[in-house]
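Next up, input37.cif (mmCIF, C-alpha atoms):
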data_protein
#
loop_
_atom_site.label_atom_id
_atom_site.label_comp_id
_atom_site.auth_asym_id
_atom_site.auth_seq_id
_atom_site.Cartn_x
_atom_site.Cartn_y
_atom_site.Cartn_z
CA MET E 271 25.61 -9.57 -50.50
CA ARG E 272 25.09 -13.28 -51.12
CA VAL E 273 21.32 -12.72 -51.22
CA LEU E 274 21.77 -9.86 -53.66
CA THR E 275 24.01 -11.93 -55.94
CA THR E 276 21.53 -14.81 -55.90
CA THR E 277 18.71 -12.38 -56.69
CA LEU E 278 20.58 -10.91 -59.63
CA LEU E 279 21.44 -14.38 -60.92
CA LEU E 280 17.80 -15.44 -60.68
CA LEU E 281 16.72 -12.26 -62.49
CA CYS E 282 18.98 -13.26 -65.37
CA TRP E 283 17.83 -16.87 -65.61
CA PRO E 284 16.66 -17.45 -69.21
CA VAL E 285 13.08 -18.46 -70.04
CA CYS E 286 10.57 -17.58 -72.79
CA ALA E 287 10.07 -13.82 -73.26
CA SER E 288 6.65 -12.29 -73.73
CA ALA E 289 7.50 -8.77 -74.79
CA HIS E 290 4.86 -7.40 -77.13
CA LEU E 291 4.02 -3.78 -77.74
CA VAL E 292 0.60 -2.29 -77.12
CA THR E 293 -0.28 -0.01 -80.04
CA THR E 294 -2.59 2.86 -79.13
CA GLY E 295 -2.65 4.63 -82.50
CA LEU E 296 -1.90 7.91 -80.72
CA GLY E 297 1.83 8.01 -81.39
CA PRO E 298 4.97 6.48 -79.93
CA VAL E 299 4.89 8.26 -76.55
CA TYR E 300 1.35 7.05 -75.89
CA ASP E 301 2.33 3.59 -77.14
CA GLY E 302 4.99 3.57 -74.42
CA ILE E 303 2.49 4.71 -71.80
CA GLY E 304 -0.01 2.10 -73.01
CA HIS E 305 2.64 -0.60 -72.98
CA LEU E 306 3.45 -0.05 -69.31
CA VAL E 307 -0.12 0.38 -68.14
CA MET E 308 -1.44 -2.60 -70.11
CA THR E 309 1.40 -5.00 -69.27
CA PRO E 310 0.93 -6.52 -65.80
CA GLU E 311 4.41 -8.11 -66.00
CA ASP E 312 5.82 -4.58 -65.86
CA LEU E 313 3.08 -2.76 -63.99
CA ILE E 314 2.96 -5.03 -60.92
CA PRO E 315 6.69 -4.75 -60.08
CA VAL E 316 6.53 -0.97 -60.55
CA LEU E 317 3.59 -0.62 -58.19
CA ALA E 318 5.22 -3.04 -55.75
CA ILE E 319 8.47 -1.05 -55.74
CA ALA E 320 6.46 2.12 -55.15
CA LEU E 321 4.61 0.51 -52.22
CA TYR E 322 7.82 -0.86 -50.71
CA ALA E 323 9.62 2.47 -51.15
CA GLY E 324 6.72 4.18 -49.39
CA MET E 325 6.89 1.67 -46.55
CA ARG E 326 10.59 2.41 -46.09
CA GLY E 327 9.93 6.15 -45.83
CA ALA E 328 10.23 9.38 -47.75
CA ALA E 329 13.95 9.12 -48.59
CA PRO E 330 13.76 5.67 -50.27
CA GLY E 331 10.63 6.93 -51.99
CA ARG E 332 12.65 9.75 -53.52
CA TYR E 333 15.43 7.34 -54.54
CA ALA E 334 12.92 5.14 -56.34
CA LEU E 335 11.18 8.13 -57.89
CA PHE E 336 14.30 9.10 -59.85
CA SER E 337 16.38 5.91 -60.03
CA LEU E 338 13.66 3.58 -61.37
CA PRO E 339 12.73 5.67 -64.47
CA LEU E 340 16.40 6.42 -65.19
CA ALA E 341 17.46 2.77 -64.89
CA TRP E 342 14.47 1.74 -66.99
CA PHE E 343 15.42 4.29 -69.65
CA ALA E 344 19.08 3.19 -69.63
CA GLY E 345 18.02 -0.45 -69.98
CA GLY E 346 15.59 0.55 -72.72
CA LEU E 347 18.33 2.30 -74.68
CA LEU E 348 20.37 -0.89 -74.48
CA GLY E 349 17.35 -2.94 -75.51
CA VAL E 350 16.53 -0.89 -78.62
CA SER E 351 20.07 -1.40 -79.87
CA PHE E 352 19.61 -5.19 -79.86
CA THR E 353 17.31 -7.22 -82.07
CA SER E 354 16.78 -9.68 -79.26
CA LEU E 355 17.91 -10.34 -75.72
CA PRO E 356 18.14 -13.68 -73.96
CA PRO E 357 14.63 -14.28 -72.59
CA LEU E 358 14.59 -13.52 -68.87
CA PRO E 359 12.17 -14.51 -66.10
CA THR E 360 12.62 -11.04 -64.62
CA PRO E 361 8.91 -10.26 -64.05
CA ALA E 362 8.23 -13.40 -62.00
CA PHE E 363 11.28 -12.95 -59.81
CA SER E 364 10.93 -9.21 -59.33
CA ILE E 365 7.23 -9.61 -58.44
CA LEU E 366 8.00 -12.45 -56.03
CA ILE E 367 10.97 -10.79 -54.32
CA ILE E 368 9.39 -7.36 -53.89
CA GLY E 369 6.10 -8.93 -52.76
CA VAL E 370 7.90 -10.90 -50.05
CA LEU E 371 9.78 -7.78 -48.93
CA ILE E 372 6.48 -5.89 -48.58
CA ALA E 373 4.63 -8.73 -46.84
CA ALA E 374 7.47 -9.27 -44.37
CA ASP E 375 7.99 -5.50 -43.94
CA PHE E 376 11.68 -6.33 -44.37
CA LYS E 377 14.01 -3.50 -43.39
CA LEU E 378 16.31 -3.44 -46.42
CA SER E 379 19.13 -0.89 -46.19
CA ASP E 380 18.81 2.14 -48.48
CA ARG E 381 21.87 1.10 -50.47
CA ILE E 382 20.64 -2.42 -51.20
CA PHE E 383 17.18 -1.05 -51.94
CA LEU E 384 18.70 1.33 -54.49
CA VAL E 385 20.70 -1.51 -56.13
CA MET E 386 17.52 -3.59 -56.33
CA VAL E 387 15.54 -0.74 -57.90
CA LEU E 388 18.31 -0.11 -60.44
CA ALA E 389 18.58 -3.82 -61.32
CA VAL E 390 14.82 -4.30 -61.72
CA GLY E 391 14.47 -1.06 -63.70
CA PHE E 392 17.41 -1.81 -65.97
CA ILE E 393 16.39 -5.37 -66.84
CA HIS E 394 12.69 -4.54 -67.33
CA GLY E 395 13.75 -1.53 -69.39
CA ALA E 396 16.01 -3.66 -71.58
CA LEU E 397 13.14 -6.09 -72.26
CA ASN E 398 10.86 -3.14 -73.06
CA GLY E 399 13.53 -1.69 -75.35
CA VAL E 400 13.56 -4.85 -77.46
CA ALA E 401 9.75 -4.71 -77.70
CA LEU E 402 9.81 -1.03 -78.67
CA LYS E 403 12.54 -1.43 -81.31
CA GLY E 404 11.13 -0.65 -84.75
CA ASN E 405 7.83 0.52 -83.21
CA ALA E 406 7.72 3.29 -80.65
CA GLY E 407 11.50 3.37 -80.10
CA VAL E 408 13.06 5.97 -77.84
CA PRO E 409 9.91 8.20 -77.71
CA GLY E 410 8.09 5.16 -76.38
CA LEU E 411 10.71 4.82 -73.67
CA ILE E 412 10.13 8.47 -72.74
CA GLY E 413 6.42 7.69 -72.37
CA ILE E 414 7.25 4.74 -70.14
CA MET E 415 9.65 6.85 -68.09
CA ALA E 416 7.06 9.56 -67.51
CA THR E 417 4.46 6.99 -66.49
CA LEU E 418 6.92 5.36 -64.10
CA PHE E 419 7.65 8.71 -62.49
CA VAL E 420 3.95 9.45 -62.00
CA LEU E 421 3.11 5.97 -60.67
CA VAL E 422 6.03 5.84 -58.24
CA ALA E 423 5.30 9.39 -57.03
CA LEU E 424 1.62 8.66 -56.45
CA PHE E 425 1.88 5.26 -54.80
CA SER E 426 4.99 5.81 -52.68
CA ALA E 427 3.62 9.16 -51.46
CA LEU E 428 0.33 7.48 -50.63
CA VAL E 429 2.06 4.84 -48.49
CA VAL E 430 4.37 7.40 -46.82
CA SER E 431 1.29 9.35 -45.79
CA LEU E 432 -0.31 6.32 -44.10
CA LYS E 433 -0.03 6.75 -40.35
CA LYS E 434 -2.63 4.34 -39.01
CA PRO E 435 -1.16 0.89 -38.17
CA TRP E 436 -4.00 -0.93 -39.97
CA ALA E 437 -3.27 1.00 -43.17
CA ARG E 438 0.28 -0.34 -43.26
CA ILE E 439 -1.12 -3.82 -42.65
CA VAL E 440 -3.32 -3.39 -45.73
CA VAL E 441 -0.16 -2.64 -47.73
CA ARG E 442 1.50 -5.77 -46.32
CA VAL E 443 -1.52 -7.87 -47.25
CA ALA E 444 -1.28 -6.42 -50.78
CA GLY E 445 2.40 -7.42 -50.73
CA SER E 446 1.47 -11.01 -49.89
CA TRP E 447 -0.88 -11.02 -52.88
CA VAL E 448 1.93 -9.68 -55.08
CA ALA E 449 4.28 -12.40 -53.80
CA ALA E 450 1.64 -15.06 -54.43
CA ILE E 451 1.14 -13.77 -57.99
CA GLY E 452 4.92 -13.86 -58.53
CA MET E 453 5.14 -17.42 -57.29
CA LEU E 454 2.29 -18.50 -59.55
CA MET E 455 3.81 -16.64 -62.49
CA PHE E 456 7.02 -18.54 -61.95
CA GLY E 457 5.03 -21.79 -62.21
CA TRP E 458 3.17 -20.64 -65.33
CA MET E 459 6.48 -19.78 -66.96
CA PHE E 460 7.53 -23.41 -66.67
CA ARG E 461 4.28 -24.31 -68.39
CA GLY E 462 4.74 -21.56 -71.02
CA GLN E 463 1.31 -20.08 -70.24
CA VAL E 464 2.13 -16.61 -68.93
CA MET O 49 -61.27 13.47 -85.70
CA ILE O 50 -57.70 14.71 -85.29
CA GLU O 51 -55.52 14.37 -88.32
CA ILE O 52 -51.84 13.95 -87.72
CA LYS O 53 -49.66 15.38 -90.45
CA PRO O 54 -46.05 14.37 -90.09
CA SER O 55 -43.63 17.24 -90.65
CA SER O 56 -40.74 16.81 -93.05
CA ARG O 57 -38.35 16.65 -90.04
CA THR O 58 -40.32 13.77 -88.52
CA VAL O 59 -40.23 11.89 -91.81
CA GLN O 60 -36.50 12.48 -92.14
CA SER O 61 -35.87 11.32 -88.58
CA GLY O 62 -37.96 8.23 -89.12
CA PHE O 63 -36.09 7.46 -92.32
CA VAL O 64 -32.72 7.81 -90.59
CA LEU O 65 -33.88 5.58 -87.72
CA LEU O 66 -35.10 2.99 -90.22
CA LEU O 67 -31.76 3.07 -92.02
CA LEU O 68 -29.90 2.65 -88.73
CA ALA O 69 -32.17 -0.20 -87.74
CA VAL O 70 -31.55 -2.15 -90.92
CA SER O 71 -27.86 -1.32 -91.36
CA ALA O 72 -25.72 -4.43 -90.93
CA GLN O 73 -23.38 -4.63 -87.95
CA SER O 74 -20.71 -7.10 -87.02
CA ALA O 75 -21.94 -9.81 -84.70
CA PHE O 76 -20.19 -10.26 -81.35
CA ALA O 77 -21.60 -13.64 -80.47
CA HIS O 78 -18.46 -15.36 -79.35
CA VAL O 79 -17.46 -17.00 -76.13
CA GLU O 80 -15.31 -14.79 -73.93
CA GLY O 81 -11.69 -15.53 -74.67
CA GLY O 82 -8.18 -14.20 -74.93
CA GLN O 83 -5.79 -12.79 -72.39
CA ALA O 84 -8.15 -10.52 -70.44
CA ALA O 85 -10.59 -13.39 -69.87
CA GLY O 86 -7.92 -15.02 -67.70
CA PHE O 87 -8.42 -12.38 -65.00
CA ILE O 88 -12.19 -12.86 -64.93
CA THR O 89 -11.78 -16.66 -64.85
CA GLY O 90 -9.35 -16.37 -61.94
CA LEU O 91 -11.67 -13.96 -60.14
CA GLN O 92 -14.64 -16.29 -60.55
CA HIS O 93 -12.88 -19.56 -59.81
CA PRO O 94 -12.66 -19.41 -55.99
CA TRP O 95 -16.39 -18.62 -55.85
CA SER O 96 -17.26 -21.69 -57.91
CA GLY O 97 -16.49 -24.29 -55.24
CA LEU O 98 -18.14 -24.35 -51.81
CA ASP O 99 -15.17 -26.21 -50.30
CA HIS O 100 -12.80 -23.39 -51.21
CA ILE O 101 -15.26 -20.66 -50.16
CA LEU O 102 -15.90 -22.15 -46.71
CA ALA O 103 -12.23 -22.79 -45.98
CA MET O 104 -11.29 -19.22 -46.99
CA ILE O 105 -14.06 -17.77 -44.85
CA ALA O 106 -13.02 -20.04 -41.97
CA VAL O 107 -9.50 -18.58 -42.10
CA GLY O 108 -10.99 -15.07 -41.83
CA LEU O 109 -13.36 -16.13 -39.02
CA TRP O 110 -10.57 -17.76 -37.01
CA GLY O 111 -8.32 -14.75 -37.55
CA ALA O 112 -11.07 -12.42 -36.33
CA GLN O 113 -11.69 -14.67 -33.33
CA LEU O 114 -7.99 -14.78 -32.41
CA GLY O 115 -7.57 -11.01 -32.80
CA LYS O 116 -4.25 -9.23 -33.40
CA PRO O 117 -1.89 -10.22 -34.96
CA SER O 118 -3.58 -13.37 -36.33
CA ILE O 119 -6.37 -11.33 -37.90
CA TRP O 120 -3.94 -10.14 -40.55
CA VAL O 121 -1.09 -12.67 -40.35
CA LEU O 122 -3.29 -15.63 -41.33
CA PRO O 123 -4.68 -13.90 -44.46
CA ILE O 124 -1.08 -13.03 -45.42
CA ALA O 125 0.20 -16.58 -44.89
CA PHE O 126 -2.63 -18.31 -46.72
CA PRO O 127 -2.27 -16.79 -50.24
CA MET O 128 1.50 -17.22 -50.19
CA MET O 129 1.32 -20.88 -49.22
CA MET O 130 -1.59 -21.38 -51.59
CA ALA O 131 0.59 -20.01 -54.40
CA ALA O 132 3.36 -22.39 -53.33
CA GLY O 133 0.88 -25.28 -53.62
CA ALA O 134 -0.24 -24.08 -57.05
CA MET O 135 3.38 -23.76 -58.15
CA MET O 136 3.97 -27.37 -57.08
CA GLY O 137 1.03 -28.33 -59.26
CA LEU O 138 2.40 -26.35 -62.19
CA LEU O 139 5.82 -27.92 -61.82
CA GLY O 140 4.21 -31.35 -61.79
CA ILE O 141 5.03 -32.12 -58.15
CA PRO O 142 2.19 -34.35 -56.90
CA VAL O 143 0.46 -33.73 -53.58
CA PRO O 144 -1.34 -36.84 -52.33
CA GLY O 145 -4.95 -36.68 -51.16
CA VAL O 146 -5.68 -33.14 -52.32
CA GLU O 147 -9.48 -33.38 -52.02
CA ILE O 148 -9.17 -35.07 -48.63
CA GLY O 149 -6.82 -32.31 -47.49
CA ILE O 150 -9.32 -29.66 -48.59
CA ALA O 151 -12.11 -31.43 -46.71
CA PHE O 152 -9.95 -31.66 -43.58
CA SER O 153 -9.15 -27.95 -43.87
CA ALA O 154 -12.86 -27.14 -43.54
CA ILE O 155 -13.29 -29.64 -40.68
CA LEU O 156 -10.31 -28.51 -38.61
CA LEU O 157 -10.65 -24.77 -39.26
CA GLY O 158 -14.37 -25.04 -38.46
CA LEU O 159 -13.55 -26.89 -35.23
CA MET O 160 -10.97 -24.25 -34.28
CA VAL O 161 -13.66 -21.57 -34.61
CA LEU O 162 -16.26 -23.72 -32.82
CA ALA O 163 -14.00 -24.51 -29.86
CA GLU O 164 -12.36 -21.03 -29.85
CA VAL O 165 -8.95 -22.70 -29.88
CA ARG O 166 -6.11 -20.22 -29.31
CA PRO O 167 -2.81 -21.87 -30.26
CA LYS O 168 0.50 -20.04 -30.57
CA LEU O 169 0.78 -17.81 -33.65
CA ALA O 170 3.36 -20.11 -35.28
CA VAL O 171 1.05 -23.11 -34.87
CA SER O 172 -1.93 -21.31 -36.41
CA ILE O 173 0.24 -20.09 -39.33
CA ALA O 174 1.62 -23.60 -39.88
CA MET O 175 -1.85 -25.11 -39.84
CA VAL O 176 -3.35 -22.55 -42.23
CA GLY O 177 -0.27 -22.71 -44.48
CA PHE O 178 -0.38 -26.51 -44.61
CA PHE O 179 -4.00 -26.56 -45.78
CA ALA O 180 -3.37 -23.68 -48.21
CA ILE O 181 -1.04 -25.98 -50.18
CA PHE O 182 -3.94 -28.35 -50.93
CA HIS O 183 -6.22 -25.50 -52.03
CA GLY O 184 -3.51 -24.04 -54.27
CA HIS O 185 -2.65 -27.39 -55.79
CA ALA O 186 -6.31 -28.14 -56.58
CA HIS O 187 -7.54 -24.76 -57.76
CA GLY O 188 -4.57 -22.61 -58.74
CA THR O 189 -3.71 -24.50 -61.90
CA GLU O 190 -7.12 -24.77 -63.54
CA LEU O 191 -6.44 -22.33 -66.38
CA PRO O 192 -8.65 -22.63 -69.49
CA PRO O 193 -6.66 -22.91 -72.74
CA GLY O 194 -5.67 -19.66 -74.44
CA GLN O 195 -5.87 -17.50 -71.32
CA SER O 196 -3.06 -15.72 -69.52
CA GLY O 197 -1.68 -17.55 -66.51
CA LEU O 198 -0.53 -14.28 -64.93
CA LEU O 199 -3.95 -12.64 -65.21
CA TYR O 200 -5.65 -15.83 -63.99
CA SER O 201 -3.33 -15.85 -60.97
CA MET O 202 -4.06 -12.19 -60.24
CA GLY O 203 -7.80 -12.81 -60.29
CA PHE O 204 -7.48 -16.00 -58.24
CA VAL O 205 -5.34 -14.41 -55.52
CA ILE O 206 -7.51 -11.27 -55.30
CA ALA O 207 -10.73 -13.31 -55.04
CA THR O 208 -9.19 -15.52 -52.34
CA GLY O 209 -8.10 -12.42 -50.42
CA CYS O 210 -11.62 -11.01 -50.69
CA LEU O 211 -13.01 -14.25 -49.24
CA HIS O 212 -10.65 -13.91 -46.27
CA GLY O 213 -11.84 -10.31 -45.91
CA LEU O 214 -15.44 -11.51 -45.96
CA GLY O 215 -14.61 -14.02 -43.22
CA ILE O 216 -12.98 -11.30 -41.11
CA VAL O 217 -15.99 -8.99 -41.54
CA ILE O 218 -18.36 -11.81 -40.55
CA GLY O 219 -16.05 -12.62 -37.63
CA LEU O 220 -16.46 -9.11 -36.25
CA VAL O 221 -19.94 -10.13 -35.07
CA LYS O 222 -18.13 -11.38 -31.96
CA GLU O 223 -18.37 -7.81 -30.67
CA LEU O 224 -22.18 -7.94 -30.77
CA PRO O 225 -24.42 -9.53 -28.08
CA LEU O 226 -24.67 -13.25 -28.88
CA GLY O 227 -22.11 -12.64 -31.62
CA ARG O 228 -19.60 -14.98 -30.03
CA GLN O 229 -22.11 -17.81 -30.06
CA ALA O 230 -23.08 -16.98 -33.65
CA LEU O 231 -19.42 -17.18 -34.64
CA ARG O 232 -19.04 -20.56 -32.98
CA GLY O 233 -22.21 -21.66 -34.77
CA ALA O 234 -20.65 -20.64 -38.08
CA GLY O 235 -17.59 -22.71 -37.17
CA SER O 236 -19.74 -25.75 -36.49
CA PHE O 237 -21.51 -25.31 -39.84
CA ILE O 238 -18.15 -25.19 -41.67
CA ALA O 239 -16.93 -28.29 -39.81
CA VAL O 240 -20.11 -30.21 -40.71
CA MET O 241 -19.76 -29.16 -44.34
CA GLY O 242 -16.16 -30.36 -44.18
CA VAL O 243 -17.41 -33.80 -43.17
CA VAL O 244 -19.71 -33.74 -46.22
CA PHE O 245 -16.74 -32.82 -48.45
CA LEU O 246 -14.72 -35.63 -46.88
CA TRP O 247 -17.54 -38.08 -47.52
CA LYS O 248 -17.67 -36.98 -51.17
CA ALA O 249 -13.89 -37.24 -51.51
CA LEU O 250 -13.83 -40.77 -50.10
CA THR O 251 -16.80 -42.16 -52.05
#
Rewritten as structure tokens:
Amino acid sequence: MRVLTTTLLLLCWPVCASAHLVTTGLGPVYDGIGHLVMTPEDLIPVLAIALYAGMRGAAPGRYALFSLPLAWFAGGLLGVSFTSLPPLPTPAFSILIIGVLIAADFKLSDRIFLVMVLAVGFIHGALNGVALKGNAGVPGLIGIMATLFVLVALFSALVVSLKKPWARIVVRVAGSWVAAIGMLMFGWMFRGQV
Amino acid sequence: MIEIKPSSRTVQSGFVLLLLAVSAQSAFAHVEGGQAAGFITGLQHPWSGLDHILAMIAVGLWGAQLGKPSIWVLPIAFPMMMAAGAMMGLLGIPVPGVEIGIAFSAILLGLMVLAEVRPKLAVSIAMVGFFAIFHGHAHGTELPPGQSGLLYSMGFVIATGCLHGLGIVIGLVKELPLGRQALRGAGSFIAVMGVVFLWKALT
């Protein structure tokens, strides 16, 4: 519980925000899809959650499949109703924490995993909501939600299907890369060069 | 003598081609820049210095020589500790003797491969992790102005991981006849190159 509280506090630590919208010219839903796919700050944690959910098994994979898009959408709805939110270092911390969990193959309980997914989804969604306000708006959030569902389904199912021991090791190596990227991102944030 | 009479279609096509050839286009003669360039810069950076390349490959070689679980634990430990070193650099925390540390990483990792040293897993992780801090501090923070730090980091970490993978693949020659000796030879080469790097760092 102490770890979880610390994690949530760190997720809410204020720094400079870099929340800009990708405009595709194909309409707000596609703008939302483009925003997620073209924003590594959002894409990496999503893929990492999908990988970790897959490592934990089919049931956590299903939790993430539905809870992450819903939390993201709820956060997004909150975000679009604000003109600005306090800038949060959420991407760096979520990338770092989830990367470490994957690399260490840490056996997080299903309940704590669900809380983590909801927290990450909600805060990232809120930051996205602020970026989408006045541009793609709620349809953009629907595009993001659909993309999240597809990405989590594909990547968590892929990892669940891995049976060979070396294949799981490959996922853990990928997790160490994610953690390293998160750690570096944290450093770049202090420099204001993310 | 054969007389060639251009048809009206040929003339029209030629005219269109001529128009296309002389129509003015925007020039794209600028140096690569912007956010996306950060990823490419990060991807290229580890390949630009022989000291970094040899040390990364040495980690892969030693991991392959030690077998399970070092073959995958060492390449997991290195990027994480390397990122910690880079973060120290970004936060302005100085690490003394960075270039000397990098040179020693090549010397000691090369010697480990040469002598087929098999320490406990924790010792090998500590050793690789310790040297990774120097590599991260020296190379992880060299971001050109105007580029994304996140994308640079992604490229840098991926390229470093690929170098470990290359080392592991090379290390698999140990299964071949004379492969073990070849691997030890590679270790000696890396150690000698480390001495050269040390000489350069000290002079």
Exercise. Looking at only C-alpha atoms, which of E:Pro435, E:Gly346, E:Gly297, E:Gly457 is the one that sits closest to Ala401 (chain E)?
Worked result: E:Gly346
Counting only C-alpha atoms, a student should be able to say which residues of chain E come within 8 Å of chain O; what is the right answer, written as a tab-separated table (two decimals) with C-alpha atoms, in the coordinates of the input?
chain	number	residue	atom	x	y	z
E	310	PRO	CA	0.93	-6.52	-65.80
E	311	GLU	CA	4.41	-8.11	-66.00
E	373	ALA	CA	4.63	-8.73	-46.84
E	439	ILE	CA	-1.12	-3.82	-42.65
E	442	ARG	CA	1.50	-5.77	-46.32
E	443	VAL	CA	-1.52	-7.87	-47.25
E	446	SER	CA	1.47	-11.01	-49.89
E	447	TRP	CA	-0.88	-11.02	-52.88
E	449	ALA	CA	4.28	-12.40	-53.80
E	450	ALA	CA	1.64	-15.06	-54.43
E	451	ILE	CA	1.14	-13.77	-57.99
E	453	MET	CA	5.14	-17.42	-57.29
E	454	LEU	CA	2.29	-18.50	-59.55
E	455	MET	CA	3.81	-16.64	-62.49
E	456	PHE	CA	7.02	-18.54	-61.95
E	457	GLY	CA	5.03	-21.79	-62.21
E	458	TRP	CA	3.17	-20.64	-65.33
E	460	PHE	CA	7.53	-23.41	-66.67
E	461	ARG	CA	4.28	-24.31	-68.39
E	463	GLN	CA	1.31	-20.08	-70.24
E	464	VAL	CA	2.13	-16.61	-68.93
Problem set entry | From O:Gly177, O:Gly149, O:Gly86, O:Pro142, residue lying nearest Ala249 (chain O) [only C-alpha atoms] | O:Gly149
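Of note, CA of Pro144 (chain O) and CA of Pro94 (chain O) are spaced 21.1 Å apart.
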For this session: Enumerate, as an NGL selection string, the residues matched when the PyMOL selection byres ((chain E and resi 362-369) around 7) is run on the file above.
Result: :E and (281 or 314-315 or 318-319 or 359-361 or 370-373 or 390 or 445-446 or 448-449 or 452-453 or 455-456)
Write a file for region 151-201 of chain O, containing C-alpha atoms (output as a PDB file, in the first residue's frame).
ATOM      1  CA  ALA O 151      38.355   2.131 -20.956  1.00  0.00           C
ATOM      2  CA  PHE O 152      38.476  -0.118 -17.886  1.00  0.00           C
ATOM      3  CA  SER O 153      35.108  -1.599 -18.845  1.00  0.00           C
ATOM      4  CA  ALA O 154      36.601  -2.822 -22.132  1.00  0.00           C
ATOM      5  CA  ILE O 155      39.754  -4.087 -20.386  1.00  0.00           C
ATOM      6  CA  LEU O 156      38.019  -5.987 -17.581  1.00  0.00           C
ATOM      7  CA  LEU O 157      35.109  -7.336 -19.636  1.00  0.00           C
ATOM      8  CA  GLY O 158      37.605  -8.436 -22.312  1.00  0.00           C
ATOM      9  CA  LEU O 159      39.720 -10.156 -19.654  1.00  0.00           C
ATOM     10  CA  MET O 160      36.641 -11.904 -18.232  1.00  0.00           C
ATOM     11  CA  VAL O 161      35.924 -13.352 -21.682  1.00  0.00           C
ATOM     12  CA  LEU O 162      39.592 -14.188 -22.283  1.00  0.00           C
ATOM     13  CA  ALA O 163      40.031 -16.001 -18.958  1.00  0.00           C
ATOM     14  CA  GLU O 164      36.494 -17.496 -19.017  1.00  0.00           C
ATOM     15  CA  VAL O 165      35.923 -16.146 -15.511  1.00  0.00           C
ATOM     16  CA  ARG O 166      32.703 -17.450 -13.953  1.00  0.00           C
ATOM     17  CA  PRO O 167      31.850 -15.339 -10.900  1.00  0.00           C
ATOM     18  CA  LYS O 168      28.561 -15.499  -9.015  1.00  0.00           C
ATOM     19  CA  LEU O 169      25.621 -13.935 -10.862  1.00  0.00           C
ATOM     20  CA  ALA O 170      25.406 -11.020  -8.399  1.00  0.00           C
ATOM     21  CA  VAL O 171      29.090 -10.215  -8.936  1.00  0.00           C
ATOM     22  CA  SER O 172      28.778 -10.223 -12.728  1.00  0.00           C
ATOM     23  CA  ILE O 173      25.644  -8.025 -12.531  1.00  0.00           C
ATOM     24  CA  ALA O 174      27.398  -5.600 -10.168  1.00  0.00           C
ATOM     25  CA  MET O 175      30.428  -5.394 -12.419  1.00  0.00           C
ATOM     26  CA  VAL O 176      28.430  -4.841 -15.612  1.00  0.00           C
ATOM     27  CA  GLY O 177      26.107  -2.384 -13.843  1.00  0.00           C
ATOM     28  CA  PHE O 178      29.025  -0.405 -12.426  1.00  0.00           C
ATOM     29  CA  PHE O 179      30.594   0.094 -15.857  1.00  0.00           C
ATOM     30  CA  ALA O 180      27.194   0.830 -17.438  1.00  0.00           C
ATOM     31  CA  ILE O 181      27.005   4.002 -15.305  1.00  0.00           C
ATOM     32  CA  PHE O 182      30.112   5.400 -17.036  1.00  0.00           C
ATOM     33  CA  HIS O 183      28.768   4.583 -20.503  1.00  0.00           C
ATOM     34  CA  GLY O 184      25.403   6.168 -19.703  1.00  0.00           C
ATOM     35  CA  HIS O 185      26.969   9.270 -18.196  1.00  0.00           C
ATOM     36  CA  ALA O 186      29.231   9.776 -21.222  1.00  0.00           C
ATOM     37  CA  HIS O 187      26.891   8.931 -24.082  1.00  0.00           C
ATOM     38  CA  GLY O 188      23.297   9.126 -22.858  1.00  0.00           C
ATOM     39  CA  THR O 189      23.164  12.895 -22.572  1.00  0.00           C
ATOM     40  CA  GLU O 190      24.624  13.936 -25.922  1.00  0.00           C
ATOM     41  CA  LEU O 191      21.390  15.253 -27.429  1.00  0.00           C
ATOM     42  CA  PRO O 192      21.710  17.736 -30.319  1.00  0.00           C
ATOM     43  CA  PRO O 193      19.709  20.948 -29.784  1.00  0.00           C
ATOM     44  CA  GLY O 194      16.089  20.926 -30.931  1.00  0.00           C
ATOM     45  CA  GLN O 195      15.639  17.155 -30.795  1.00  0.00           C
ATOM     46  CA  SER O 196      13.401  15.144 -28.508  1.00  0.00           C
ATOM     47  CA  GLY O 197      15.122  13.675 -25.470  1.00  0.00           C
ATOM     48  CA  LEU O 198      12.564  10.873 -25.256  1.00  0.00           C
ATOM     49  CA  LEU O 199      13.048   9.792 -28.876  1.00  0.00           C
ATOM     50  CA  TYR O 200      16.831  10.085 -28.516  1.00  0.00           C
ATOM     51  CA  SER O 201      16.670   7.852 -25.433  1.00  0.00           C
TER      52      SER O 201
END
